Structures are given as C-alpha cells and as structure tokens.
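With mmCIF, N, CA and C atoms and all ligand atoms inside, this is query-v2.cif:
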```cif
data_work
#
loop_
_atom_site.label_atom_id
_atom_site.label_comp_id
_atom_site.auth_asym_id
_atom_site.auth_seq_id
_atom_site.Cartn_x
_atom_site.Cartn_y
_atom_site.Cartn_z
N LEU A 213 -22.87 -10.15 -13.70
CA LEU A 213 -22.12 -11.40 -13.86
C LEU A 213 -22.16 -12.21 -12.57
N PHE A 214 -22.04 -11.54 -11.43
CA PHE A 214 -21.95 -12.27 -10.17
C PHE A 214 -23.29 -12.32 -9.44
N SER A 215 -24.34 -11.80 -10.05
CA SER A 215 -25.62 -11.79 -9.36
C SER A 215 -26.08 -13.21 -9.09
N GLY A 216 -26.57 -13.41 -7.91
CA GLY A 216 -27.06 -14.73 -7.55
C GLY A 216 -26.02 -15.59 -6.88
N ARG A 217 -24.75 -15.16 -6.91
CA ARG A 217 -23.74 -15.94 -6.19
C ARG A 217 -23.91 -15.75 -4.70
N GLN A 218 -23.85 -16.85 -3.99
CA GLN A 218 -24.03 -16.75 -2.54
C GLN A 218 -22.77 -16.25 -1.87
N ASN A 219 -21.61 -16.59 -2.44
CA ASN A 219 -20.36 -16.19 -1.82
C ASN A 219 -19.55 -15.38 -2.83
N ASN A 220 -19.27 -14.15 -2.46
CA ASN A 220 -18.55 -13.30 -3.41
C ASN A 220 -17.11 -13.05 -2.98
N THR A 221 -16.49 -14.07 -2.36
CA THR A 221 -15.09 -13.96 -1.95
C THR A 221 -14.21 -13.58 -3.13
N VAL A 222 -13.44 -12.52 -2.98
CA VAL A 222 -12.51 -12.09 -4.03
C VAL A 222 -11.09 -12.30 -3.53
N ILE A 223 -10.36 -13.18 -4.20
CA ILE A 223 -8.94 -13.40 -3.91
C ILE A 223 -8.20 -13.19 -5.22
N ALA A 224 -7.34 -12.20 -5.28
CA ALA A 224 -6.62 -11.92 -6.51
C ALA A 224 -5.39 -11.07 -6.20
N PHE A 225 -4.29 -11.37 -6.90
CA PHE A 225 -3.11 -10.53 -6.72
C PHE A 225 -2.42 -10.35 -8.07
N SER A 226 -1.67 -9.27 -8.14
CA SER A 226 -0.81 -9.01 -9.30
C SER A 226 0.44 -8.36 -8.75
N ALA A 227 1.60 -9.02 -8.97
CA ALA A 227 2.86 -8.57 -8.36
C ALA A 227 3.93 -8.42 -9.42
N TYR A 228 4.90 -7.55 -9.15
CA TYR A 228 5.97 -7.32 -10.13
C TYR A 228 7.24 -6.92 -9.40
N SER A 229 8.27 -6.66 -10.13
CA SER A 229 9.56 -6.21 -9.61
C SER A 229 10.28 -7.28 -8.77
N PRO A 230 10.88 -8.27 -9.43
CA PRO A 230 11.60 -9.31 -8.70
C PRO A 230 12.77 -8.72 -7.91
N VAL A 231 12.92 -9.19 -6.66
CA VAL A 231 13.98 -8.69 -5.78
C VAL A 231 15.35 -9.02 -6.35
N ASP A 232 15.50 -10.25 -6.85
CA ASP A 232 16.80 -10.73 -7.34
C ASP A 232 16.64 -11.06 -8.83
N ILE A 233 17.37 -10.34 -9.68
CA ILE A 233 17.24 -10.59 -11.12
C ILE A 233 18.24 -11.66 -11.59
N SER A 234 19.00 -12.24 -10.66
CA SER A 234 19.90 -13.35 -11.00
C SER A 234 19.63 -14.52 -10.06
N PRO A 235 18.42 -15.09 -10.12
CA PRO A 235 18.06 -16.15 -9.18
C PRO A 235 18.89 -17.42 -9.38
N ALA A 236 19.16 -18.09 -8.27
CA ALA A 236 19.87 -19.37 -8.30
C ALA A 236 18.86 -20.51 -8.50
N THR A 237 19.37 -21.68 -8.82
CA THR A 237 18.51 -22.85 -8.99
C THR A 237 17.69 -23.10 -7.73
N ASN A 238 16.40 -23.26 -7.92
CA ASN A 238 15.42 -23.51 -6.86
C ASN A 238 15.08 -22.30 -6.01
N GLN A 239 15.70 -21.18 -6.29
CA GLN A 239 15.36 -19.97 -5.55
C GLN A 239 13.94 -19.52 -5.90
N ILE A 240 13.22 -19.06 -4.88
CA ILE A 240 11.91 -18.45 -5.12
C ILE A 240 12.12 -17.08 -5.72
N ILE A 241 11.41 -16.80 -6.80
CA ILE A 241 11.45 -15.45 -7.36
C ILE A 241 10.43 -14.61 -6.60
N VAL A 242 10.94 -13.66 -5.84
CA VAL A 242 10.10 -12.83 -4.97
C VAL A 242 9.74 -11.54 -5.70
N TRP A 243 8.46 -11.37 -5.95
CA TRP A 243 7.96 -10.16 -6.64
C TRP A 243 7.54 -9.21 -5.55
N GLN A 244 8.28 -8.10 -5.42
CA GLN A 244 8.17 -7.32 -4.19
C GLN A 244 7.06 -6.27 -4.19
N HIS A 245 6.59 -5.87 -5.35
CA HIS A 245 5.55 -4.84 -5.37
C HIS A 245 4.24 -5.46 -5.87
N THR A 246 3.14 -4.98 -5.32
CA THR A 246 1.83 -5.49 -5.75
C THR A 246 1.00 -4.35 -6.32
N ARG A 247 0.40 -4.63 -7.45
CA ARG A 247 -0.58 -3.70 -8.00
C ARG A 247 -1.93 -3.97 -7.35
N LEU A 248 -2.08 -5.23 -6.93
CA LEU A 248 -3.37 -5.71 -6.44
C LEU A 248 -3.05 -6.84 -5.47
N ASN A 249 -3.75 -6.87 -4.33
CA ASN A 249 -3.59 -8.01 -3.42
C ASN A 249 -4.86 -8.16 -2.60
N GLU A 250 -5.95 -8.44 -3.30
CA GLU A 250 -7.25 -8.60 -2.65
C GLU A 250 -7.24 -9.88 -1.81
N GLY A 251 -7.50 -9.73 -0.54
CA GLY A 251 -7.49 -10.87 0.36
C GLY A 251 -6.14 -11.10 1.03
N ASN A 252 -5.12 -10.33 0.61
CA ASN A 252 -3.79 -10.42 1.23
C ASN A 252 -3.22 -11.83 1.28
N ALA A 253 -3.45 -12.61 0.24
CA ALA A 253 -2.97 -13.99 0.23
C ALA A 253 -1.57 -14.10 -0.37
N TYR A 254 -1.13 -13.08 -1.09
CA TYR A 254 0.23 -13.06 -1.63
C TYR A 254 1.15 -12.35 -0.64
N ASN A 255 2.26 -13.00 -0.30
CA ASN A 255 3.25 -12.45 0.63
C ASN A 255 4.42 -11.89 -0.17
N ASN A 256 4.58 -10.58 -0.19
CA ASN A 256 5.60 -9.98 -1.05
C ASN A 256 7.00 -10.02 -0.43
N THR A 257 7.14 -10.58 0.77
CA THR A 257 8.46 -10.82 1.36
C THR A 257 8.95 -12.22 1.01
N LEU A 258 8.05 -13.20 1.07
CA LEU A 258 8.40 -14.59 0.78
C LEU A 258 8.23 -14.93 -0.70
N GLY A 259 7.38 -14.19 -1.39
CA GLY A 259 7.08 -14.48 -2.78
C GLY A 259 6.07 -15.60 -2.96
N THR A 260 5.36 -15.95 -1.88
CA THR A 260 4.43 -17.07 -1.94
C THR A 260 2.98 -16.61 -1.82
N PHE A 261 2.12 -17.35 -2.50
CA PHE A 261 0.69 -17.16 -2.38
C PHE A 261 0.14 -18.32 -1.56
N LYS A 262 -0.60 -18.03 -0.50
CA LYS A 262 -1.19 -19.09 0.34
C LYS A 262 -2.70 -19.02 0.19
N ALA A 263 -3.28 -20.12 -0.29
CA ALA A 263 -4.72 -20.13 -0.53
C ALA A 263 -5.48 -19.95 0.79
N PRO A 264 -6.28 -18.90 0.90
CA PRO A 264 -7.06 -18.71 2.11
C PRO A 264 -8.27 -19.64 2.18
N VAL A 265 -8.71 -20.10 1.01
CA VAL A 265 -9.85 -21.02 0.93
C VAL A 265 -9.56 -22.06 -0.15
N SER A 266 -10.18 -23.23 -0.02
CA SER A 266 -10.06 -24.25 -1.05
C SER A 266 -10.84 -23.81 -2.29
N GLY A 267 -10.31 -24.14 -3.47
CA GLY A 267 -11.01 -23.78 -4.68
C GLY A 267 -10.15 -23.96 -5.91
N LEU A 268 -10.68 -23.46 -7.01
CA LEU A 268 -10.00 -23.51 -8.31
C LEU A 268 -9.32 -22.16 -8.56
N TYR A 269 -8.02 -22.21 -8.80
CA TYR A 269 -7.24 -20.98 -8.95
C TYR A 269 -6.53 -20.95 -10.31
N TYR A 270 -6.30 -19.74 -10.78
CA TYR A 270 -5.56 -19.49 -12.01
C TYR A 270 -4.31 -18.68 -11.67
N PHE A 271 -3.17 -19.07 -12.27
CA PHE A 271 -1.92 -18.34 -12.04
C PHE A 271 -1.24 -18.09 -13.38
N ALA A 272 -0.52 -16.99 -13.45
CA ALA A 272 0.25 -16.70 -14.66
C ALA A 272 1.51 -15.92 -14.30
N VAL A 273 2.56 -16.19 -15.07
CA VAL A 273 3.81 -15.44 -14.95
C VAL A 273 4.15 -14.91 -16.33
N HIS A 274 4.53 -13.66 -16.37
CA HIS A 274 5.05 -13.06 -17.60
C HIS A 274 6.45 -12.59 -17.26
N ALA A 275 7.46 -13.17 -17.90
CA ALA A 275 8.83 -12.88 -17.50
C ALA A 275 9.70 -12.56 -18.71
N CYS A 276 10.55 -11.58 -18.54
CA CYS A 276 11.44 -11.13 -19.60
C CYS A 276 12.88 -11.37 -19.18
N HIS A 277 13.72 -11.63 -20.19
CA HIS A 277 15.11 -11.95 -19.89
C HIS A 277 16.03 -11.08 -20.73
N TYR A 278 17.26 -10.99 -20.27
CA TYR A 278 18.28 -10.26 -21.03
C TYR A 278 18.73 -11.08 -22.23
N GLY A 279 19.12 -10.40 -23.31
CA GLY A 279 19.67 -11.08 -24.47
C GLY A 279 20.86 -11.93 -24.10
N SER A 280 20.97 -13.08 -24.72
CA SER A 280 22.02 -14.09 -24.53
C SER A 280 21.95 -14.78 -23.18
N GLN A 281 20.87 -14.57 -22.44
CA GLN A 281 20.66 -15.29 -21.18
C GLN A 281 19.46 -16.22 -21.32
N THR A 282 19.55 -17.34 -20.65
CA THR A 282 18.43 -18.27 -20.61
C THR A 282 17.73 -18.13 -19.27
N LEU A 283 16.43 -18.06 -19.32
CA LEU A 283 15.63 -17.93 -18.11
C LEU A 283 14.77 -19.18 -17.95
N TYR A 284 15.01 -19.92 -16.87
CA TYR A 284 14.25 -21.14 -16.58
C TYR A 284 13.39 -20.87 -15.36
N TYR A 285 12.10 -21.13 -15.47
CA TYR A 285 11.26 -20.90 -14.29
C TYR A 285 10.00 -21.76 -14.36
N ALA A 286 9.38 -21.91 -13.20
CA ALA A 286 8.18 -22.74 -13.10
C ALA A 286 7.25 -22.16 -12.05
N ILE A 287 5.98 -22.44 -12.22
CA ILE A 287 5.00 -22.20 -11.16
C ILE A 287 4.91 -23.50 -10.37
N THR A 288 5.07 -23.44 -9.07
CA THR A 288 5.02 -24.65 -8.26
C THR A 288 3.88 -24.58 -7.25
N LEU A 289 3.30 -25.73 -7.01
CA LEU A 289 2.28 -25.90 -5.96
C LEU A 289 2.93 -26.72 -4.86
N ASP A 290 3.19 -26.08 -3.73
CA ASP A 290 3.90 -26.72 -2.62
C ASP A 290 5.18 -27.42 -3.10
N GLY A 291 5.86 -26.80 -4.04
CA GLY A 291 7.17 -27.30 -4.49
C GLY A 291 7.13 -28.19 -5.71
N PHE A 292 5.95 -28.58 -6.16
CA PHE A 292 5.83 -29.41 -7.37
C PHE A 292 5.49 -28.51 -8.56
N ASN A 293 6.26 -28.65 -9.63
CA ASN A 293 6.01 -27.82 -10.80
C ASN A 293 4.65 -28.14 -11.41
N ILE A 294 3.86 -27.10 -11.64
CA ILE A 294 2.57 -27.28 -12.32
C ILE A 294 2.54 -26.53 -13.65
N ALA A 295 3.56 -25.75 -13.93
CA ALA A 295 3.76 -25.12 -15.25
C ALA A 295 5.21 -24.70 -15.30
N SER A 296 5.86 -24.91 -16.45
CA SER A 296 7.28 -24.54 -16.51
C SER A 296 7.66 -24.17 -17.93
N THR A 297 8.76 -23.45 -18.04
CA THR A 297 9.25 -23.05 -19.35
C THR A 297 10.72 -22.67 -19.25
N TYR A 298 11.35 -22.49 -20.41
CA TYR A 298 12.59 -21.74 -20.44
C TYR A 298 12.58 -20.87 -21.67
N LYS A 299 13.33 -19.78 -21.58
CA LYS A 299 13.30 -18.81 -22.66
C LYS A 299 14.72 -18.36 -22.93
N TYR A 300 15.08 -18.33 -24.23
CA TYR A 300 16.42 -17.91 -24.63
C TYR A 300 16.33 -17.14 -25.92
N ASP A 301 17.13 -16.10 -26.01
CA ASP A 301 17.33 -15.43 -27.29
C ASP A 301 18.80 -15.06 -27.35
N ASN A 302 19.45 -15.36 -28.47
CA ASN A 302 20.90 -15.19 -28.52
C ASN A 302 21.33 -13.73 -28.58
N LYS A 303 20.37 -12.83 -28.76
CA LYS A 303 20.76 -11.44 -28.95
C LYS A 303 19.89 -10.46 -28.16
N ASN A 304 18.58 -10.61 -28.28
CA ASN A 304 17.68 -9.57 -27.79
C ASN A 304 17.03 -9.92 -26.46
N GLN A 305 16.64 -8.87 -25.73
CA GLN A 305 15.73 -9.08 -24.62
C GLN A 305 14.42 -9.62 -25.18
N ASP A 306 13.81 -10.52 -24.42
CA ASP A 306 12.57 -11.11 -24.91
C ASP A 306 11.77 -11.58 -23.69
N CYS A 307 10.52 -11.95 -23.93
CA CYS A 307 9.63 -12.30 -22.83
C CYS A 307 8.85 -13.55 -23.19
N ASP A 308 8.39 -14.26 -22.18
CA ASP A 308 7.38 -15.30 -22.42
C ASP A 308 6.49 -15.41 -21.20
N SER A 309 5.53 -16.31 -21.28
CA SER A 309 4.53 -16.43 -20.23
C SER A 309 4.22 -17.89 -19.99
N ILE A 310 3.80 -18.20 -18.78
CA ILE A 310 3.20 -19.49 -18.49
C ILE A 310 1.97 -19.22 -17.64
N SER A 311 1.02 -20.13 -17.75
CA SER A 311 -0.19 -20.00 -16.94
C SER A 311 -0.75 -21.38 -16.71
N THR A 312 -1.56 -21.50 -15.67
CA THR A 312 -2.15 -22.79 -15.35
C THR A 312 -3.36 -22.60 -14.44
N VAL A 313 -4.20 -23.60 -14.40
CA VAL A 313 -5.26 -23.64 -13.40
C VAL A 313 -5.01 -24.84 -12.51
N THR A 314 -5.35 -24.71 -11.25
CA THR A 314 -5.14 -25.81 -10.32
C THR A 314 -6.14 -25.74 -9.18
N MET A 315 -6.52 -26.91 -8.70
CA MET A 315 -7.28 -26.95 -7.45
C MET A 315 -6.30 -26.77 -6.31
N MET A 316 -6.68 -26.00 -5.32
CA MET A 316 -5.87 -25.83 -4.11
C MET A 316 -6.74 -26.05 -2.89
N ARG A 317 -6.13 -26.68 -1.91
CA ARG A 317 -6.77 -26.73 -0.60
C ARG A 317 -6.30 -25.51 0.19
N ALA A 318 -7.12 -25.07 1.11
CA ALA A 318 -6.73 -23.96 1.97
C ALA A 318 -5.38 -24.25 2.59
N GLU A 319 -4.53 -23.23 2.65
CA GLU A 319 -3.19 -23.27 3.24
C GLU A 319 -2.12 -23.79 2.28
N GLN A 320 -2.50 -24.38 1.15
CA GLN A 320 -1.47 -24.75 0.18
C GLN A 320 -0.87 -23.48 -0.41
N ARG A 321 0.38 -23.62 -0.90
CA ARG A 321 1.10 -22.45 -1.40
C ARG A 321 1.51 -22.63 -2.87
N VAL A 322 1.55 -21.51 -3.55
CA VAL A 322 2.07 -21.45 -4.92
C VAL A 322 3.14 -20.37 -4.97
N TRP A 323 4.23 -20.66 -5.70
CA TRP A 323 5.25 -19.63 -5.92
C TRP A 323 5.94 -19.88 -7.25
N VAL A 324 6.76 -18.94 -7.65
CA VAL A 324 7.54 -19.06 -8.89
C VAL A 324 8.96 -19.42 -8.50
N ARG A 325 9.44 -20.49 -9.09
CA ARG A 325 10.78 -20.98 -8.78
C ARG A 325 11.66 -20.87 -10.02
N CYS A 326 12.89 -20.46 -9.81
CA CYS A 326 13.90 -20.55 -10.86
C CYS A 326 14.34 -22.01 -10.93
N THR A 327 14.22 -22.65 -12.10
CA THR A 327 14.53 -24.08 -12.19
C THR A 327 15.95 -24.36 -12.65
N SER A 328 16.66 -23.34 -13.13
CA SER A 328 18.09 -23.48 -13.42
C SER A 328 18.70 -22.10 -13.39
N GLY A 329 19.44 -21.83 -12.35
CA GLY A 329 19.87 -20.47 -12.09
C GLY A 329 21.24 -20.12 -12.64
N SER A 330 21.62 -18.89 -12.38
CA SER A 330 22.89 -18.36 -12.88
C SER A 330 23.24 -17.15 -12.05
N SER A 331 24.54 -16.86 -11.99
CA SER A 331 24.94 -15.63 -11.29
C SER A 331 24.82 -14.41 -12.20
N ALA A 332 24.59 -14.66 -13.49
CA ALA A 332 24.40 -13.54 -14.42
C ALA A 332 23.00 -12.95 -14.25
N ASN A 333 22.84 -11.72 -14.63
CA ASN A 333 21.51 -11.12 -14.61
C ASN A 333 20.65 -11.77 -15.69
N GLN A 334 19.57 -12.40 -15.25
CA GLN A 334 18.69 -13.11 -16.18
C GLN A 334 17.40 -12.36 -16.41
N LEU A 335 16.76 -11.96 -15.33
CA LEU A 335 15.45 -11.32 -15.42
C LEU A 335 15.60 -9.87 -15.82
N TRP A 336 14.96 -9.53 -16.90
CA TRP A 336 14.98 -8.15 -17.37
C TRP A 336 13.74 -7.46 -16.80
N GLU A 337 14.01 -6.53 -15.90
CA GLU A 337 12.91 -5.90 -15.18
C GLU A 337 12.98 -4.40 -15.33
N SER A 338 11.95 -3.85 -15.88
CA SER A 338 11.86 -2.41 -15.97
C SER A 338 10.38 -2.03 -16.06
N ASN A 339 9.98 -1.14 -15.20
CA ASN A 339 8.59 -0.66 -15.22
C ASN A 339 7.56 -1.80 -15.10
N GLY A 340 7.93 -2.84 -14.36
CA GLY A 340 6.95 -3.88 -14.07
C GLY A 340 6.65 -4.80 -15.23
N ARG A 341 7.56 -4.95 -16.18
CA ARG A 341 7.21 -5.79 -17.33
C ARG A 341 7.28 -7.27 -17.01
N SER A 342 7.97 -7.68 -15.95
CA SER A 342 7.90 -9.07 -15.50
C SER A 342 6.97 -9.14 -14.29
N SER A 343 6.06 -10.11 -14.30
CA SER A 343 5.02 -10.11 -13.27
C SER A 343 4.47 -11.51 -12.99
N PHE A 344 3.80 -11.61 -11.87
CA PHE A 344 3.19 -12.86 -11.37
C PHE A 344 1.80 -12.50 -10.88
N MET A 345 0.80 -13.25 -11.31
CA MET A 345 -0.56 -12.97 -10.88
C MET A 345 -1.30 -14.25 -10.57
N GLY A 346 -2.35 -14.13 -9.78
CA GLY A 346 -3.20 -15.27 -9.47
C GLY A 346 -4.58 -14.80 -9.05
N VAL A 347 -5.55 -15.69 -9.25
CA VAL A 347 -6.92 -15.33 -8.90
C VAL A 347 -7.73 -16.59 -8.56
N LEU A 348 -8.57 -16.48 -7.57
CA LEU A 348 -9.53 -17.55 -7.25
C LEU A 348 -10.65 -17.50 -8.27
N LEU A 349 -10.79 -18.59 -9.04
CA LEU A 349 -11.83 -18.63 -10.05
C LEU A 349 -13.16 -19.11 -9.47
N HIS A 350 -13.07 -20.11 -8.59
CA HIS A 350 -14.31 -20.74 -8.13
C HIS A 350 -14.10 -21.40 -6.78
N LEU A 351 -15.02 -21.21 -5.89
CA LEU A 351 -14.94 -21.87 -4.58
C LEU A 351 -15.39 -23.31 -4.69
CA CA B 1 21.23 -13.93 -7.24
#
```
What would you get if you wrote out this structure as structure tokens?
Ligand SMILES: [Ca+2]
Amino acid sequence: LFSGRQNNTVIAFSAYSPVDISPATNQIIVWQHTRLNEGNAYNNTLGTFKAPVSGLYYFAVHACHYGSQTLYYAITLDGFNIASTYKYDNKNQDCDSISTVTMMRAEQRVWVRCTSGSSANQLWESNGRSSFMGVLLHL
C-alpha cells in the first residue's frame, strides 16, 4: 500500500479513559491512557494533539454517557469547533461518535471540548469504551 511513498511519516494516536467524567463547559476532555501514540503528538496530560507536520488529518471521538444525562462535546481545532454533537437518553447508557477531516498546519492543536457541562457524572467510562483518536492521512 505504501510502496513508492517518499515519506512514510506515521502520526497516529488512540486514547481513552477521561480524567474527569463530569466535565464543565469548555473544559478539555483529557484522555489519560493511550493505546497508541506514534510520533508522540498527543499529550495525555493536556488532552491536546499538536500537529508535528502540516497535512490532512482525521479525528474521531466515541463517547458514552450515563442514562438521563446529556453529553455535549466537540472536536476543536485551536478552539474552533470542527465537529460537534450532543447525546441524550432518558433511561439507558448510550454512546455516539463524531469524526472529521481537517487540514492542519504544523503546531496547530486539536482537542475534545465539553460544550455544555454539568457537575453530574456524564461520561460513562469503563474498559476504554469512550475514546479519542487521530491520524495523519496525507502530508
Ligand atoms: Ca468535573
């Protein structure tokens, strides 16, 4: 698949386990554990991904919430929402996903932001079922 490519830079991460399952409005959702962090561009203390090179990137969040809680979140590029959603179920735990592709310049950052927070436990996290991932598609 990659034969003939002159540059085989691999930048990819997959992170899970949000530090705070009751994020406040505008709080960064910090995913503290990484299954994968090729290129070390995802910072698991800040919850931010910093593009090491300019290119086309893909990001996705899969997030689950507690029953009767609404979970509002977005993928942001330097603070501007580039994908967003909210998820509610009046009874059951449930999950949804958002994903997007975006051009990034080197040093720009992407993170997951809670767009309307609560002091109640919103994020349902067990065994890594809520996660954030990103990958460089093309230089
Ligand atoms: Ca909190």
Could you name the residues that touch Asn238 in chain A at 8 Å or less, counting all atoms listed in the file, but leaving out those on the same chain fewer than 2 positions away, as an MDAnalysis selection string?
chainID A and resid 235:236 240:241 324:329
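Distance check against Leu348 in chain A using all atoms listed in the file: of A:Leu258, A:Val322, A:Val231, A:Gly267, the minimum falls on A:Gly267.
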Find, counting all atoms listed in the file, the residue in A:Thr260, A:Ser309, A:Thr288, A:Asn249 that gets nearest to His274 in chain A.
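Selected residue with least distance to His274 in chain A: A:Ser309.
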Against ligand CA 1 (chain B), which residues of chain A fall within 9 Å? For each one I want the closest pair of atoms and the distance in Å (one decimal), counting only C-alpha atoms and all ligand atoms, rows by chain and increasing residue number, as CSV.
```
residue,atom,partner,partner_atom,distance
A:Asp232,CA,B:CA1,CA,5.5
A:Ile233,CA,B:CA1,CA,6.5
A:Ser234,CA,B:CA1,CA,4.0
A:Pro235,CA,B:CA1,CA,4.3
A:Ala236,CA,B:CA1,CA,5.7
A:Gln239,CA,B:CA1,CA,8.6
A:Gly329,CA,B:CA1,CA,8.3
A:Ser330,CA,B:CA1,CA,7.4
A:Ser331,CA,B:CA1,CA,5.7
A:Ala332,CA,B:CA1,CA,7.9
A:Asn333,CA,B:CA1,CA,7.9
```
Find the distance between atom N of Asn293 in chain A and atom C of Gly340 in chain A and write it in Å to one decimal.
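Computing it gives 24.5 Å between the two atoms.
You can rank A:Leu268, A:Ala227, A:Ala253, A:Met345 by their closest distance to Val313 in chain A using only N, CA and C atoms, and at the top of that list sits A:Leu268.
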Closest of A:Asp301, A:Ala318, A:Tyr254, A:Asn220 to Ser280 in chain A - atom-to-atom distances counting only N, CA and C atoms:
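Among A:Asp301, A:Ala318, A:Tyr254, A:Asn220, it is A:Asp301 that comes nearest to Ser280 in chain A.
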Skipping near chain neighbours, those fewer than 5 positions away, what residues fall within 6 Å of Trp323 in chain A using all atoms listed in the file, listed as a list in words?
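In the requested form, the answer reads Gly259, Thr260, Phe261, Ala286, Ile287, Thr288, Leu289 and Asp290 of chain A.
Distance-wise, CA of Pro230 in chain A and atom C of Tyr300 in chain A end up 19.5 Å apart.
Nearest to Pro264 in chain A of all the residues A:Gln334, A:Ser226, A:Ser343, A:Thr221 is A:Thr221, counting only C-alpha atoms.
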Among the residues A:Asn256, A:Thr237, A:Gln244, A:Ser266, the one that comes closest to Ser342 in chain A [using only C-alpha atoms]:
A:Gln244
